[in-house]
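Q: Below is run.cif; it holds mmCIF, N, CA and C atoms and all ligand atoms.
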data_upload
#
loop_
_atom_site.label_atom_id
_atom_site.label_comp_id
_atom_site.auth_asym_id
_atom_site.auth_seq_id
_atom_site.Cartn_x
_atom_site.Cartn_y
_atom_site.Cartn_z
N MET A 4 -30.70 4.36 -51.86
CA MET A 4 -30.10 4.96 -53.04
C MET A 4 -29.09 6.01 -52.59
N SER A 5 -27.89 5.94 -53.15
CA SER A 5 -26.81 6.84 -52.75
C SER A 5 -26.69 7.99 -53.71
N LEU A 6 -26.18 9.14 -53.20
CA LEU A 6 -25.96 10.31 -54.04
C LEU A 6 -24.67 10.18 -54.84
N TYR A 7 -23.78 9.32 -54.39
CA TYR A 7 -22.50 9.15 -55.04
C TYR A 7 -22.53 7.97 -55.97
N PRO A 8 -21.62 7.98 -56.98
CA PRO A 8 -21.51 6.78 -57.80
C PRO A 8 -21.08 5.60 -56.93
N PRO A 9 -21.33 4.38 -57.37
CA PRO A 9 -21.06 3.20 -56.54
C PRO A 9 -19.61 3.12 -56.07
N ASP A 10 -18.62 3.46 -56.90
CA ASP A 10 -17.23 3.34 -56.46
C ASP A 10 -16.87 4.42 -55.44
N MET A 11 -17.44 5.61 -55.53
CA MET A 11 -17.19 6.68 -54.57
C MET A 11 -17.83 6.36 -53.22
N ALA A 12 -19.02 5.79 -53.24
CA ALA A 12 -19.69 5.41 -51.99
C ALA A 12 -18.87 4.37 -51.25
N LEU A 13 -18.21 3.49 -51.97
CA LEU A 13 -17.36 2.47 -51.35
C LEU A 13 -16.21 3.13 -50.61
N HIS A 14 -15.62 4.19 -51.20
CA HIS A 14 -14.51 4.87 -50.54
C HIS A 14 -14.96 5.65 -49.31
N LEU A 15 -16.16 6.18 -49.32
CA LEU A 15 -16.62 6.96 -48.19
C LEU A 15 -16.94 6.08 -46.98
N CYS A 16 -17.36 4.83 -47.24
CA CYS A 16 -17.81 4.02 -46.11
C CYS A 16 -16.68 3.58 -45.21
N CYS A 17 -15.53 3.20 -45.78
CA CYS A 17 -14.49 2.67 -44.90
C CYS A 17 -13.20 3.46 -44.97
N GLY A 18 -12.90 4.10 -46.08
CA GLY A 18 -11.67 4.86 -46.18
C GLY A 18 -10.44 4.00 -46.35
N VAL A 19 -10.55 2.71 -46.16
CA VAL A 19 -9.39 1.83 -46.26
C VAL A 19 -9.13 1.46 -47.71
N CYS A 20 -10.21 1.34 -48.49
CA CYS A 20 -10.03 0.89 -49.85
C CYS A 20 -9.49 2.01 -50.75
N ASN A 21 -9.32 3.21 -50.27
CA ASN A 21 -8.75 4.31 -51.03
C ASN A 21 -7.31 4.51 -50.60
N PRO A 22 -6.34 4.04 -51.39
CA PRO A 22 -4.94 4.16 -50.95
C PRO A 22 -4.49 5.60 -50.82
N VAL A 23 -5.05 6.51 -51.61
CA VAL A 23 -4.65 7.92 -51.50
C VAL A 23 -5.09 8.47 -50.14
N GLY A 24 -6.30 8.12 -49.73
CA GLY A 24 -6.80 8.59 -48.45
C GLY A 24 -5.97 8.07 -47.29
N VAL A 25 -5.50 6.84 -47.40
CA VAL A 25 -4.68 6.25 -46.34
C VAL A 25 -3.36 6.98 -46.22
N SER A 26 -2.72 7.24 -47.36
CA SER A 26 -1.42 7.90 -47.28
C SER A 26 -1.57 9.31 -46.76
N SER A 27 -2.66 10.00 -47.11
CA SER A 27 -2.81 11.36 -46.59
C SER A 27 -3.08 11.33 -45.09
N ALA A 28 -3.76 10.29 -44.62
CA ALA A 28 -4.00 10.18 -43.18
C ALA A 28 -2.69 9.97 -42.44
N VAL A 29 -1.78 9.17 -43.01
CA VAL A 29 -0.49 8.94 -42.36
C VAL A 29 0.32 10.21 -42.36
N ASN A 30 0.30 10.93 -43.50
CA ASN A 30 1.07 12.16 -43.58
C ASN A 30 0.55 13.19 -42.59
N SER A 31 -0.79 13.28 -42.45
CA SER A 31 -1.33 14.28 -41.52
C SER A 31 -0.95 13.92 -40.09
N ARG A 32 -0.82 12.62 -39.78
CA ARG A 32 -0.43 12.22 -38.43
C ARG A 32 1.03 12.60 -38.13
N GLN A 33 1.88 12.54 -39.19
CA GLN A 33 3.29 12.87 -38.97
C GLN A 33 3.51 14.35 -38.78
N ASN A 34 2.60 15.19 -39.28
CA ASN A 34 2.78 16.63 -39.14
C ASN A 34 2.33 17.14 -37.78
N GLN A 35 1.57 16.35 -37.04
CA GLN A 35 1.09 16.80 -35.74
C GLN A 35 2.24 16.75 -34.73
N PRO A 36 2.24 17.70 -33.80
CA PRO A 36 3.30 17.66 -32.77
C PRO A 36 3.15 16.43 -31.89
N VAL A 37 4.26 15.83 -31.58
CA VAL A 37 4.26 14.62 -30.76
C VAL A 37 4.42 15.03 -29.29
N VAL A 38 3.46 14.63 -28.50
CA VAL A 38 3.49 14.95 -27.07
C VAL A 38 4.00 13.72 -26.33
N VAL A 39 5.12 13.87 -25.69
CA VAL A 39 5.70 12.77 -24.93
C VAL A 39 5.45 13.04 -23.45
N VAL A 40 4.74 12.13 -22.82
CA VAL A 40 4.44 12.27 -21.39
C VAL A 40 5.29 11.27 -20.64
N THR A 41 6.10 11.78 -19.73
CA THR A 41 6.93 10.89 -18.92
C THR A 41 6.53 11.05 -17.47
N GLN A 42 6.53 9.94 -16.78
CA GLN A 42 6.24 9.98 -15.36
C GLN A 42 7.54 10.20 -14.60
N PRO A 43 7.47 10.91 -13.49
CA PRO A 43 8.70 11.11 -12.72
C PRO A 43 9.17 9.79 -12.14
N ALA A 44 10.49 9.65 -12.05
CA ALA A 44 11.05 8.41 -11.51
C ALA A 44 10.70 8.30 -10.03
N PRO A 45 10.37 7.09 -9.56
CA PRO A 45 10.04 6.94 -8.15
C PRO A 45 11.26 7.21 -7.28
N VAL A 46 11.03 7.91 -6.18
CA VAL A 46 12.12 8.29 -5.29
C VAL A 46 12.07 7.40 -4.05
N PRO A 47 13.15 6.69 -3.74
CA PRO A 47 13.15 5.86 -2.52
C PRO A 47 13.05 6.72 -1.27
N ILE A 48 12.39 6.17 -0.25
CA ILE A 48 12.26 6.87 1.02
C ILE A 48 13.23 6.25 2.02
N SER A 49 13.41 6.90 3.16
CA SER A 49 14.33 6.35 4.16
C SER A 49 13.62 5.26 4.95
N LEU A 50 14.40 4.46 5.64
CA LEU A 50 13.84 3.34 6.41
C LEU A 50 12.90 3.83 7.51
N MET A 51 13.21 4.97 8.11
CA MET A 51 12.40 5.47 9.22
C MET A 51 11.04 5.96 8.75
N CYS A 52 10.87 6.19 7.46
CA CYS A 52 9.59 6.68 6.94
C CYS A 52 8.65 5.54 6.56
N LEU A 53 9.09 4.29 6.70
CA LEU A 53 8.23 3.16 6.35
C LEU A 53 7.07 3.08 7.32
N ARG A 54 5.89 2.81 6.80
CA ARG A 54 4.67 2.67 7.61
C ARG A 54 4.20 1.23 7.54
N ASP A 55 2.89 1.03 7.56
CA ASP A 55 2.35 -0.32 7.59
C ASP A 55 2.14 -0.90 6.19
N SER A 56 2.49 -0.17 5.15
CA SER A 56 2.35 -0.69 3.80
C SER A 56 3.74 -0.76 3.15
N PRO A 57 3.90 -1.58 2.11
CA PRO A 57 5.21 -1.67 1.45
C PRO A 57 5.67 -0.32 0.92
N GLY A 58 6.95 -0.07 1.02
CA GLY A 58 7.51 1.20 0.56
C GLY A 58 8.73 0.98 -0.31
N LEU A 59 9.00 1.97 -1.15
CA LEU A 59 10.16 1.90 -2.05
C LEU A 59 11.37 2.45 -1.29
N ILE A 60 12.39 1.63 -1.12
CA ILE A 60 13.58 2.04 -0.39
C ILE A 60 14.83 1.57 -1.13
N CYS A 61 15.94 2.12 -0.70
CA CYS A 61 17.24 1.63 -1.17
C CYS A 61 17.77 0.74 -0.06
N CYS A 62 17.87 -0.55 -0.33
CA CYS A 62 18.27 -1.52 0.70
C CYS A 62 19.71 -1.25 1.14
N PRO A 63 19.94 -1.08 2.46
CA PRO A 63 21.30 -0.81 2.93
C PRO A 63 22.23 -2.03 2.83
N TYR A 64 21.68 -3.20 2.61
CA TYR A 64 22.51 -4.41 2.53
C TYR A 64 22.92 -4.72 1.09
N CYS A 65 21.94 -4.77 0.18
CA CYS A 65 22.28 -5.14 -1.20
C CYS A 65 22.35 -3.93 -2.14
N ARG A 66 22.03 -2.74 -1.64
CA ARG A 66 22.14 -1.48 -2.40
C ARG A 66 21.24 -1.44 -3.63
N HIS A 67 20.15 -2.20 -3.64
CA HIS A 67 19.19 -2.14 -4.73
C HIS A 67 17.96 -1.36 -4.28
N THR A 68 17.29 -0.73 -5.22
CA THR A 68 16.04 -0.05 -4.92
C THR A 68 14.92 -1.07 -5.05
N VAL A 69 14.26 -1.34 -3.94
CA VAL A 69 13.24 -2.39 -3.90
C VAL A 69 12.01 -1.89 -3.16
N THR A 70 10.89 -2.57 -3.38
CA THR A 70 9.68 -2.35 -2.60
C THR A 70 9.67 -3.40 -1.50
N THR A 71 9.56 -2.95 -0.27
CA THR A 71 9.73 -3.87 0.86
C THR A 71 8.63 -4.91 0.91
N LYS A 72 8.98 -6.05 1.45
CA LYS A 72 8.01 -7.12 1.70
C LYS A 72 7.58 -6.97 3.16
N VAL A 73 6.28 -6.93 3.39
CA VAL A 73 5.76 -6.65 4.73
C VAL A 73 5.11 -7.90 5.30
N THR A 74 5.47 -8.22 6.53
CA THR A 74 4.84 -9.31 7.28
C THR A 74 4.20 -8.69 8.52
N TYR A 75 2.93 -9.03 8.75
CA TYR A 75 2.20 -8.46 9.89
C TYR A 75 2.21 -9.46 11.04
N VAL A 76 2.65 -8.97 12.20
CA VAL A 76 2.76 -9.80 13.40
C VAL A 76 2.04 -9.06 14.53
N PRO A 77 1.27 -9.78 15.36
CA PRO A 77 0.61 -9.11 16.48
C PRO A 77 1.64 -8.42 17.37
N GLY A 78 1.37 -7.19 17.72
CA GLY A 78 2.30 -6.40 18.51
C GLY A 78 2.06 -6.53 20.00
N ALA A 79 2.83 -5.77 20.77
CA ALA A 79 2.74 -5.82 22.22
C ALA A 79 1.37 -5.37 22.70
N THR A 80 0.78 -4.40 22.04
CA THR A 80 -0.55 -3.93 22.44
C THR A 80 -1.59 -5.03 22.28
N ALA A 81 -1.48 -5.79 21.20
CA ALA A 81 -2.43 -6.89 20.98
C ALA A 81 -2.29 -7.96 22.06
N TRP A 82 -1.05 -8.29 22.40
CA TRP A 82 -0.83 -9.31 23.45
C TRP A 82 -1.28 -8.78 24.80
N PHE A 83 -1.07 -7.50 25.09
CA PHE A 83 -1.51 -6.91 26.35
C PHE A 83 -3.03 -6.99 26.46
N LEU A 84 -3.73 -6.63 25.40
CA LEU A 84 -5.20 -6.70 25.42
C LEU A 84 -5.67 -8.14 25.55
N CYS A 85 -4.94 -9.06 24.93
CA CYS A 85 -5.29 -10.48 25.04
C CYS A 85 -5.21 -10.95 26.49
N VAL A 86 -4.15 -10.59 27.19
CA VAL A 86 -4.00 -10.96 28.60
C VAL A 86 -5.04 -10.26 29.45
N LEU A 87 -5.29 -9.00 29.14
CA LEU A 87 -6.28 -8.24 29.90
C LEU A 87 -7.67 -8.85 29.76
N LEU A 88 -8.04 -9.23 28.54
CA LEU A 88 -9.36 -9.85 28.34
C LEU A 88 -9.45 -11.21 29.02
N THR A 89 -8.31 -11.92 29.07
CA THR A 89 -8.29 -13.21 29.76
C THR A 89 -8.50 -13.01 31.26
N LEU A 90 -7.84 -12.00 31.82
CA LEU A 90 -7.98 -11.72 33.25
C LEU A 90 -9.39 -11.23 33.58
N MET A 91 -10.08 -10.66 32.61
CA MET A 91 -11.46 -10.20 32.82
C MET A 91 -12.46 -11.34 32.68
N GLY A 92 -11.98 -12.52 32.33
CA GLY A 92 -12.87 -13.67 32.26
C GLY A 92 -13.34 -14.02 30.86
N LEU A 93 -12.88 -13.34 29.83
CA LEU A 93 -13.27 -13.67 28.45
C LEU A 93 -12.29 -14.71 27.91
N VAL A 94 -12.55 -15.97 28.24
CA VAL A 94 -11.59 -17.02 27.90
C VAL A 94 -12.06 -17.93 26.76
N CYS A 95 -13.28 -17.85 26.33
CA CYS A 95 -13.79 -18.76 25.30
C CYS A 95 -13.48 -18.22 23.90
N GLY A 96 -12.25 -17.87 23.67
CA GLY A 96 -11.84 -17.38 22.36
C GLY A 96 -11.96 -15.87 22.21
N PHE A 97 -12.67 -15.23 23.13
CA PHE A 97 -12.81 -13.78 23.03
C PHE A 97 -11.49 -13.06 23.29
N CYS A 98 -10.63 -13.70 24.08
CA CYS A 98 -9.35 -13.07 24.38
C CYS A 98 -8.45 -13.02 23.15
N LEU A 99 -8.80 -13.79 22.11
CA LEU A 99 -7.98 -13.81 20.90
C LEU A 99 -8.37 -12.73 19.90
N ILE A 100 -9.44 -12.02 20.19
CA ILE A 100 -9.90 -10.99 19.25
C ILE A 100 -8.83 -9.93 18.98
N PRO A 101 -8.09 -9.42 19.98
CA PRO A 101 -7.05 -8.42 19.67
C PRO A 101 -5.98 -8.94 18.72
N LEU A 102 -5.77 -10.26 18.71
CA LEU A 102 -4.74 -10.79 17.81
C LEU A 102 -5.20 -10.78 16.35
N MET A 103 -6.51 -10.62 16.12
CA MET A 103 -7.04 -10.60 14.76
C MET A 103 -7.27 -9.20 14.22
N ILE A 104 -7.09 -8.21 15.07
CA ILE A 104 -7.31 -6.82 14.63
C ILE A 104 -6.05 -6.33 13.92
N HIS A 105 -6.21 -5.95 12.66
CA HIS A 105 -5.06 -5.59 11.82
C HIS A 105 -4.34 -4.34 12.35
N ARG A 106 -5.09 -3.42 12.95
CA ARG A 106 -4.48 -2.18 13.42
C ARG A 106 -3.59 -2.40 14.64
N LEU A 107 -3.67 -3.55 15.26
CA LEU A 107 -2.82 -3.84 16.41
C LEU A 107 -1.59 -4.65 16.01
N HIS A 108 -1.37 -4.82 14.72
CA HIS A 108 -0.23 -5.60 14.25
C HIS A 108 0.96 -4.70 13.96
N GLU A 109 2.14 -5.26 14.14
CA GLU A 109 3.36 -4.57 13.74
C GLU A 109 3.69 -4.96 12.30
N ALA A 110 4.25 -4.02 11.57
CA ALA A 110 4.63 -4.30 10.17
C ALA A 110 6.14 -4.53 10.13
N HIS A 111 6.53 -5.75 9.81
CA HIS A 111 7.95 -6.09 9.69
C HIS A 111 8.35 -6.01 8.22
N HIS A 112 9.23 -5.06 7.91
CA HIS A 112 9.67 -4.86 6.52
C HIS A 112 10.96 -5.63 6.28
N SER A 113 11.02 -6.31 5.15
CA SER A 113 12.24 -7.00 4.76
C SER A 113 12.48 -6.78 3.27
N CYS A 114 13.72 -7.01 2.87
CA CYS A 114 14.10 -6.82 1.47
C CYS A 114 13.71 -8.07 0.69
N PRO A 115 12.94 -7.93 -0.39
CA PRO A 115 12.59 -9.12 -1.17
C PRO A 115 13.76 -9.68 -1.98
N ARG A 116 14.81 -8.90 -2.12
CA ARG A 116 15.94 -9.33 -2.95
C ARG A 116 16.98 -10.12 -2.13
N CYS A 117 17.37 -9.56 -0.97
CA CYS A 117 18.39 -10.25 -0.16
C CYS A 117 17.79 -10.89 1.08
N GLY A 118 16.55 -10.55 1.43
CA GLY A 118 15.87 -11.18 2.54
C GLY A 118 16.22 -10.62 3.91
N ASN A 119 17.04 -9.59 4.00
CA ASN A 119 17.42 -9.04 5.29
C ASN A 119 16.27 -8.25 5.90
N HIS A 120 16.21 -8.30 7.23
CA HIS A 120 15.20 -7.55 7.97
C HIS A 120 15.59 -6.08 7.97
N LEU A 121 14.64 -5.20 7.64
CA LEU A 121 14.98 -3.79 7.47
C LEU A 121 14.41 -2.89 8.56
N HIS A 122 13.13 -3.06 8.89
CA HIS A 122 12.49 -2.10 9.80
C HIS A 122 11.23 -2.74 10.38
N VAL A 123 10.90 -2.32 11.60
CA VAL A 123 9.64 -2.72 12.23
C VAL A 123 8.85 -1.45 12.49
N TYR A 124 7.66 -1.40 11.96
CA TYR A 124 6.79 -0.25 12.21
C TYR A 124 5.78 -0.64 13.27
N THR A 125 5.83 0.06 14.40
CA THR A 125 4.85 -0.17 15.46
C THR A 125 3.96 1.06 15.55
N ARG A 126 2.71 0.83 15.83
CA ARG A 126 1.75 1.94 15.88
C ARG A 126 1.84 2.69 17.19
ZN ZN A 201 18.44 -6.08 0.07
#
Would you mind writing the file out in structure tokens?
Ligand SMILES: [Zn+2]

A:
Amino acid sequence: MSLYPPDMALHLCCGVCNPVGVSSAVNSRQNQPVVVVTQPAPVPISLMCLRDSPGLICCPYCRHTVTTKVTYVPGATAWFLCVLLTLMGLVCGFCLIPLMIHRLHEAHHSCPRCGNHLHVYTR
């Protein structure tokens, strides 16, 4: 049993069926201050600052701001360890372990837009 008459209880439950309530809700929303949050624009970094992950740069070839495409290739340290392990007698695939270690890979950065090679990051 409700304390309100049946038509008033209907308005309290959803608020949608009362057109006056809806318009006042819209008006109250328009009077509130509007807070606009903007994120700072991303700043491209120089080619020498590229590490082992993709970075935002201004491509010197096509002059577009792009995020570099990174290809990981085993570096000289990985190949040196591979030869060293082979000379130590670890020839049953164990000498290939340095080639699978991600930290021993070089990061080759290229532009995804024009495809030119941009930078090699060696550890
Ligand atoms: Zn480019």

Q: Residues of chain A that approach ligand ZN 201 (chain A) to 8 Å or less, counting all atoms listed in the file: could you list each one with the shortest pair of atoms and its distance in Å to one decimal, rows by chain and increasing residue number, as JSON lines?

A:
{"residue": "A:Cys61", "atom": "C", "partner": "A:ZN201", "partner_atom": "ZN", "distance": 6.9}
{"residue": "A:Cys62", "atom": "CA", "partner": "A:ZN201", "partner_atom": "ZN", "distance": 4.6}
{"residue": "A:Pro63", "atom": "N", "partner": "A:ZN201", "partner_atom": "ZN", "distance": 5.7}
{"residue": "A:Tyr64", "atom": "C", "partner": "A:ZN201", "partner_atom": "ZN", "distance": 4.8}
{"residue": "A:Cys65", "atom": "N", "partner": "A:ZN201", "partner_atom": "ZN", "distance": 3.7}
{"residue": "A:Arg66", "atom": "N", "partner": "A:ZN201", "partner_atom": "ZN", "distance": 5.2}
{"residue": "A:His67", "atom": "N", "partner": "A:ZN201", "partner_atom": "ZN", "distance": 5.6}
{"residue": "A:Thr68", "atom": "N", "partner": "A:ZN201", "partner_atom": "ZN", "distance": 7.6}
{"residue": "A:Val69", "atom": "N", "partner": "A:ZN201", "partner_atom": "ZN", "distance": 7.5}
{"residue": "A:Ser113", "atom": "C", "partner": "A:ZN201", "partner_atom": "ZN", "distance": 6.8}
{"residue": "A:Cys114", "atom": "CA", "partner": "A:ZN201", "partner_atom": "ZN", "distance": 4.6}
{"residue": "A:Pro115", "atom": "N", "partner": "A:ZN201", "partner_atom": "ZN", "distance": 5.8}
{"residue": "A:Arg116", "atom": "C", "partner": "A:ZN201", "partner_atom": "ZN", "distance": 4.8}
{"residue": "A:Cys117", "atom": "N", "partner": "A:ZN201", "partner_atom": "ZN", "distance": 3.8}
{"residue": "A:Gly118", "atom": "N", "partner": "A:ZN201", "partner_atom": "ZN", "distance": 5.0}
{"residue": "A:Asn119", "atom": "N", "partner": "A:ZN201", "partner_atom": "ZN", "distance": 5.5}
{"residue": "A:His120", "atom": "N", "partner": "A:ZN201", "partner_atom": "ZN", "distance": 7.8}

Q: Using only C-alpha atoms, which of A:Met91, A:Cys85, A:Met51, A:Leu121 sits nearest A:Val73?

A: A:Leu121

Q: Between A:Val38, A:Gly92, A:Leu99, A:Thr71, which has the minimum distance to A:Pro57 (counting all atoms listed in the file)?

A: A:Thr71

Q: Between atom CA of A:His108 and atom CA of A:Thr125, what is the spacing in Å?

A: 7.5 Å

Q: Quote the spacing between atom CA of A:Pro101 and atom CA of A:Tyr75 in Å to one decimal place.

A: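 Taking atom CA of A:Pro101 and atom CA of A:Tyr75, their separation equals 13.5 Å.
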
Q: Quick one: residues within 8 Å of A:Leu50, all atoms listed in the file counted, chain neighbours fewer than 4 positions away excluded, as a ChimeraX atom specification?

A: /A:54,59-61,121-123

Q: Produce a file of the selected residues containing N, CA and C atoms, as a PDB file, in the coordinates of the input.

A:
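The result, written out as again.pdb:
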ATOM      1  N   ARG A  54       5.890   2.810   6.800  1.00  0.00           N
ATOM      2  CA  ARG A  54       4.670   2.670   7.610  1.00  0.00           C
ATOM      3  C   ARG A  54       4.200   1.230   7.540  1.00  0.00           C
ATOM      4  N   LEU A  59       9.000   1.970  -1.150  1.00  0.00           N
ATOM      5  CA  LEU A  59      10.160   1.900  -2.050  1.00  0.00           C
ATOM      6  C   LEU A  59      11.370   2.450  -1.290  1.00  0.00           C
ATOM      7  N   ILE A  60      12.390   1.630  -1.120  1.00  0.00           N
ATOM      8  CA  ILE A  60      13.580   2.040  -0.390  1.00  0.00           C
ATOM      9  C   ILE A  60      14.830   1.570  -1.130  1.00  0.00           C
ATOM     10  N   CYS A  61      15.940   2.120  -0.700  1.00  0.00           N
ATOM     11  CA  CYS A  61      17.240   1.630  -1.170  1.00  0.00           C
ATOM     12  C   CYS A  61      17.770   0.740  -0.060  1.00  0.00           C
ATOM     13  N   LEU A 121      14.640  -5.200   7.640  1.00  0.00           N
ATOM     14  CA  LEU A 121      14.980  -3.790   7.470  1.00  0.00           C
ATOM     15  C   LEU A 121      14.410  -2.890   8.560  1.00  0.00           C
ATOM     16  N   HIS A 122      13.130  -3.060   8.890  1.00  0.00           N
ATOM     17  CA  HIS A 122      12.490  -2.100   9.800  1.00  0.00           C
ATOM     18  C   HIS A 122      11.230  -2.740  10.380  1.00  0.00           C
ATOM     19  N   VAL A 123      10.900  -2.320  11.600  1.00  0.00           N
ATOM     20  CA  VAL A 123       9.640  -2.720  12.230  1.00  0.00           C
ATOM     21  C   VAL A 123       8.850  -1.450  12.490  1.00  0.00           C
TER      22      VAL A 123
END

Q: Residues at most 8 Å from A:Arg126, counting only N, CA and C atoms, excluding those fewer than 3 positions away in the same chain, as a PyMOL selection string?

A: chain A and resi 78+106-110+123

Q: Between atom CA of A:Cys52 and atom CA of A:Thr80, what is the spacing in Å?

A: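 Atom-to-atom, atom CA of A:Thr80 to atom CA of A:Cys52, that is 21.3 Å.
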
Q: Padding of 5 Å on every side, edges along x, y and z, all listed atoms of stretch 60-79 of chain A included: what centre and edge lengths in Å, to one decimal, does that box have, as JSON?

A:
{"center_x": 11.8, "center_y": -3.8, "center_z": 8.7, "size_x": 32.3, "size_y": 21.9, "size_z": 37.9}

Q: Which residue out of A:Pro43, A:Ser49, A:Ile104, A:Leu93 has the minimum interatomic distance to A:Pro77 when all atoms listed in the file are used?

A: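 Counting all atoms listed in the file, the residue closest to A:Pro77 is A:Ile104.
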